[in-house]
$ cat upload-v4.pdb   # PDB, C-alpha atoms, pLDDT in the B column
ATOM      1  CA  MET A 808    -152.325 177.187 128.249  1.00 45.00           C
ATOM      2  CA  LEU A 809    -148.646 177.779 127.546  1.00 48.00           C
ATOM      3  CA  ASN A 810    -146.385 175.015 128.757  1.00 56.00           C
ATOM      4  CA  LYS A 811    -143.598 176.623 130.796  1.00 56.00           C
ATOM      5  CA  ASN A 812    -141.323 173.710 129.973  1.00 63.00           C
ATOM      6  CA  HIS A 813    -141.858 174.002 126.229  1.00 62.00           C
ATOM      7  CA  MET A 814    -138.161 173.462 125.588  1.00 61.00           C
ATOM      8  CA  ALA A 815    -137.819 170.327 127.685  1.00 67.00           C
ATOM      9  CA  GLY A 816    -136.838 167.341 125.595  1.00 72.00           C
ATOM     10  CA  ASN A 817    -136.510 169.285 122.331  1.00 75.00           C
ATOM     11  CA  ILE A 818    -132.931 168.977 121.065  1.00 77.00           C
ATOM     12  CA  HIS A 819    -133.559 171.682 118.446  1.00 77.00           C
ATOM     13  CA  LEU A 820    -134.127 174.436 120.994  1.00 72.00           C
ATOM     14  CA  ARG A 821    -131.815 175.977 123.527  1.00 72.00           C
ATOM     15  CA  SER A 822    -132.002 178.775 126.030  1.00 69.00           C
ATOM     16  CA  GLU A 823    -129.341 181.399 126.723  1.00 71.00           C
ATOM     17  CA  ALA A 824    -129.241 184.184 129.259  1.00 75.00           C
ATOM     18  CA  ALA A 825    -129.519 187.550 127.566  1.00 75.00           C
ATOM     19  CA  GLU A 826    -126.340 189.590 127.628  1.00 83.00           C
ATOM     20  CA  PRO A 827    -126.487 193.283 128.452  1.00 86.00           C
ATOM     21  CA  PHE A 828    -127.261 195.445 125.415  1.00 85.00           C
ATOM     22  CA  GLU A 829    -123.812 197.038 125.110  1.00 90.00           C
ATOM     23  CA  ILE A 830    -122.017 193.674 125.163  1.00 90.00           C
ATOM     24  CA  ARG A 831    -124.405 192.073 122.672  1.00 89.00           C
ATOM     25  CA  ILE A 832    -124.209 194.975 120.194  1.00 89.00           C
ATOM     26  CA  LYS A 833    -120.409 195.145 120.401  1.00 90.00           C
ATOM     27  CA  LYS A 834    -120.244 191.420 119.551  1.00 91.00           C
ATOM     28  CA  GLU A 835    -122.865 191.516 116.792  1.00 90.00           C
ATOM     29  CA  LYS A 836    -121.886 194.876 115.268  1.00 93.00           C
ATOM     30  CA  PRO A 837    -118.330 195.843 116.216  1.00 93.00           C
ATOM     31  CA  GLU A 838    -118.555 198.889 113.946  1.00 94.00           C
ATOM     32  CA  LEU A 839    -120.945 200.427 116.506  1.00 94.00           C
ATOM     33  CA  SER A 840    -118.582 199.933 119.482  1.00 94.00           C
ATOM     34  CA  THR A 841    -117.296 203.508 119.475  1.00 95.00           C
ATOM     35  CA  GLY A 842    -120.852 204.867 119.458  1.00 95.00           C
ATOM     36  CA  ILE A 843    -121.864 202.578 122.330  1.00 94.00           C
ATOM     37  CA  ASP A 844    -118.881 203.720 124.401  1.00 95.00           C
ATOM     38  CA  ARG A 845    -119.705 207.371 123.672  1.00 96.00           C
ATOM     39  CA  LEU A 846    -123.367 206.806 124.557  1.00 95.00           C
ATOM     40  CA  LEU A 847    -122.366 205.339 127.929  1.00 93.00           C
ATOM     41  CA  GLU A 848    -120.451 208.562 128.610  1.00 95.00           C
ATOM     42  CA  LEU A 849    -123.368 210.807 127.615  1.00 96.00           C
ATOM     43  CA  ILE A 850    -126.258 209.351 129.616  1.00 95.00           C
ATOM     44  CA  PRO A 851    -126.490 208.197 133.232  1.00 95.00           C
ATOM     45  CA  GLU A 852    -126.097 204.468 133.799  1.00 92.00           C
ATOM     46  CA  ASP A 853    -129.566 204.009 135.316  1.00 92.00           C
ATOM     47  CA  THR A 854    -131.151 205.728 132.297  1.00 92.00           C
ATOM     48  CA  PHE A 855    -129.102 203.545 129.955  1.00 91.00           C
ATOM     49  CA  ARG A 856    -130.116 200.321 131.724  1.00 90.00           C
ATOM     50  CA  ARG A 857    -133.809 201.240 131.764  1.00 89.00           C
ATOM     51  CA  ALA A 858    -133.984 202.423 128.149  1.00 90.00           C
ATOM     52  CA  PHE A 859    -131.804 199.758 126.525  1.00 88.00           C
ATOM     53  CA  LYS A 860    -132.617 196.601 128.473  1.00 86.00           C
ATOM     54  CA  ASN A 861    -134.942 195.091 125.831  1.00 87.00           C
ATOM     55  CA  ILE A 862    -133.674 196.481 122.529  1.00 89.00           C
ATOM     56  CA  GLN A 863    -134.266 193.959 119.756  1.00 88.00           C
ATOM     57  CA  THR A 864    -132.611 195.610 116.752  1.00 88.00           C
ATOM     58  CA  PHE A 865    -130.096 198.420 116.559  1.00 91.00           C
ATOM     59  CA  ASN A 866    -128.771 199.496 113.142  1.00 93.00           C
ATOM     60  CA  LYS A 867    -127.080 202.499 111.610  1.00 95.00           C
ATOM     61  CA  ARG A 868    -127.603 203.289 107.933  1.00 94.00           C
ATOM     62  CA  GLY A 869    -125.994 206.475 106.711  1.00 94.00           C
ATOM     63  CA  ASP A 870    -127.244 209.310 108.878  1.00 95.00           C
ATOM     64  CA  THR A 871    -130.134 207.315 110.406  1.00 96.00           C
ATOM     65  CA  LEU A 872    -130.181 205.125 113.486  1.00 96.00           C
ATOM     66  CA  LEU A 873    -132.959 202.506 113.537  1.00 96.00           C
ATOM     67  CA  ILE A 874    -133.967 200.997 116.861  1.00 94.00           C
ATOM     68  CA  VAL A 875    -136.585 198.321 117.449  1.00 94.00           C
ATOM     69  CA  SER A 876    -137.358 198.573 121.133  1.00 90.00           C
ATOM     70  CA  GLY A 877    -138.762 195.857 123.340  1.00 84.00           C
ATOM     71  CA  GLY A 878    -142.037 197.687 123.809  1.00 87.00           C
ATOM     72  CA  ILE A 879    -143.803 200.964 124.303  1.00 90.00           C
ATOM     73  CA  MET A 880    -142.147 201.670 127.677  1.00 87.00           C
ATOM     74  CA  GLU A 881    -138.626 201.320 126.296  1.00 88.00           C
ATOM     75  CA  ARG A 882    -139.619 203.417 123.305  1.00 91.00           C
ATOM     76  CA  SER A 883    -140.933 206.120 125.626  1.00 91.00           C
ATOM     77  CA  PHE A 884    -137.721 206.098 127.679  1.00 89.00           C
ATOM     78  CA  LEU A 885    -135.612 206.336 124.528  1.00 92.00           C
ATOM     79  CA  GLU A 886    -137.654 209.182 123.082  1.00 93.00           C
ATOM     80  CA  ARG A 887    -137.762 211.118 126.341  1.00 92.00           C
ATOM     81  CA  ASP A 888    -134.224 210.571 127.640  1.00 92.00           C
ATOM     82  CA  CYS A 889    -131.875 209.497 124.866  1.00 94.00           C
ATOM     83  CA  ILE A 890    -132.497 211.024 121.411  1.00 96.00           C
ATOM     84  CA  PRO A 891    -129.938 213.870 121.644  1.00 96.00           C
ATOM     85  CA  ALA A 892    -127.308 211.527 123.117  1.00 96.00           C
ATOM     86  CA  LEU A 893    -127.975 208.892 120.434  1.00 96.00           C
ATOM     87  CA  LYS A 894    -127.570 211.481 117.672  1.00 97.00           C
ATOM     88  CA  GLU A 895    -124.305 212.719 119.124  1.00 96.00           C
ATOM     89  CA  ALA A 896    -122.850 209.305 119.996  1.00 96.00           C
ATOM     90  CA  PHE A 897    -123.556 207.743 116.593  1.00 96.00           C
ATOM     91  CA  GLU A 898    -123.166 210.937 114.534  1.00 96.00           C
ATOM     92  CA  VAL A 899    -126.598 210.666 112.932  1.00 97.00           C
ATOM     93  CA  LYS A 900    -129.243 213.231 112.040  1.00 97.00           C
ATOM     94  CA  LYS A 901    -132.276 211.010 112.565  1.00 97.00           C
ATOM     95  CA  VAL A 902    -133.213 208.373 115.148  1.00 96.00           C
ATOM     96  CA  GLN A 903    -136.165 206.163 114.226  1.00 95.00           C
ATOM     97  CA  ILE A 904    -137.637 204.053 117.031  1.00 94.00           C
ATOM     98  CA  ILE A 905    -140.143 201.290 116.443  1.00 92.00           C
ATOM     99  CA  GLY A 906    -141.686 199.583 119.405  1.00 82.00           C
TER     100      GLY A 906
END
$ encode --input "upload-v4.pdb" --output "C-alpha cells"
Amino acid sequence: MLNKNHMAGNIHLRSEAAEPFEIRIKKEKPELSTGIDRLLELIPEDTFRRAFKNIQTFNKRGDTLLIVSGGIMERSFLERDCIPALKEAFEVKKVQIIG
C-alpha cells in the first residue's frame, strides 16, 4: 500500500502547490507568453481551465506545437475544443497531443 506520508522525514523531497498552467508556462518558457495571452482571448475561460489544468509538457518547434496532456480526458478536451485556437494563437500548422 502507498504511504500517503511518503515525503515525511525525507530532506531530499519537497512538495509545491501546482501553479495554473498559464503562469507556469510563462515562467518556464517566456517565449510562449504572447501565444498564451492570445489563447486566453480565443477560448472561453472554463474551456481553458478544463483542457489545460494537467498539461505536463508544452513546446513549440518550428510550425509544430507539442503537448503532453495529463491524461486521455485532457487530450479529448484539447482535441475537441482547442486545436483551431492553438494553431492561431501560436502560429503553427500542426498540433500534436500525447496523453
$ resolve_selection --input "upload-v4.pdb" --expression "the PyMOL selection byres ((chain A and resi 876) around 8)" --output "NGL selection string"
:A and (859 or 861-864 or 874-875 or 877-879 or 881-882 or 904-906)
$ resolve_selection --input "upload-v4.pdb" --expression "the PyMOL selection byres ((chain A and resi 846) around 10)" --output "PyMOL selection string"
chain A and resi 829+840-845+847-852+855+889+892-897
$ atom_distance --input "upload-v4.pdb" --atom1 "atom CA of A:Ile890" --atom2 "atom CA of A:Lys834"
23.2 Å
$ atom_distance --input "upload-v4.pdb" --atom1 "atom CA of A:Ile830" --atom2 "atom CA of A:Leu872"
18.3 Å
$ atom_distance --input "upload-v4.pdb" --atom1 "atom CA of A:Glu838" --atom2 "atom CA of A:Ser883"
26.3 Å
$ resolve_selection --input "upload-v4.pdb" --expression "the PyMOL selection byres ((chain A and resi 902) around 6)" --output "list in words"
Thr871, Leu872, Lys901 and Gln903 of chain A
$ write_last_selection --input "upload-v4.pdb" --atoms "C-alpha atoms" --output "PDB file, keeping the file's coordinate frame"
ATOM      1  CA  THR A 871    -130.134 207.315 110.406  1.00 96.00           C
ATOM      2  CA  LEU A 872    -130.181 205.125 113.486  1.00 96.00           C
ATOM      3  CA  LYS A 901    -132.276 211.010 112.565  1.00 97.00           C
ATOM      4  CA  GLN A 903    -136.165 206.163 114.226  1.00 95.00           C
TER       5      GLN A 903
END
$ closest_residue --input "upload-v4.pdb" --among "A:His819, A:Leu873, A:Lys867, A:Lys860" --to "A:Arg831" --atoms "all atoms listed in the file"
A:Lys860
$ closest_residue --input "upload-v4.pdb" --among "A:Gly869, A:Lys836, A:Met880, A:Phe828" --to "A:Arg856" --atoms "all atoms listed in the file"
A:Phe828
$ closest_residue --input "upload-v4.pdb" --among "A:Arg887, A:Arg868, A:Arg857, A:Lys833" --to "A:Lys900" --atoms "only C-alpha atoms"
A:Arg868
$ closest_residue --input "upload-v4.pdb" --among "A:Arg821, A:Ile832, A:Phe884, A:Pro827" --to "A:Asn866" --atoms "all atoms listed in the file"
A:Ile832
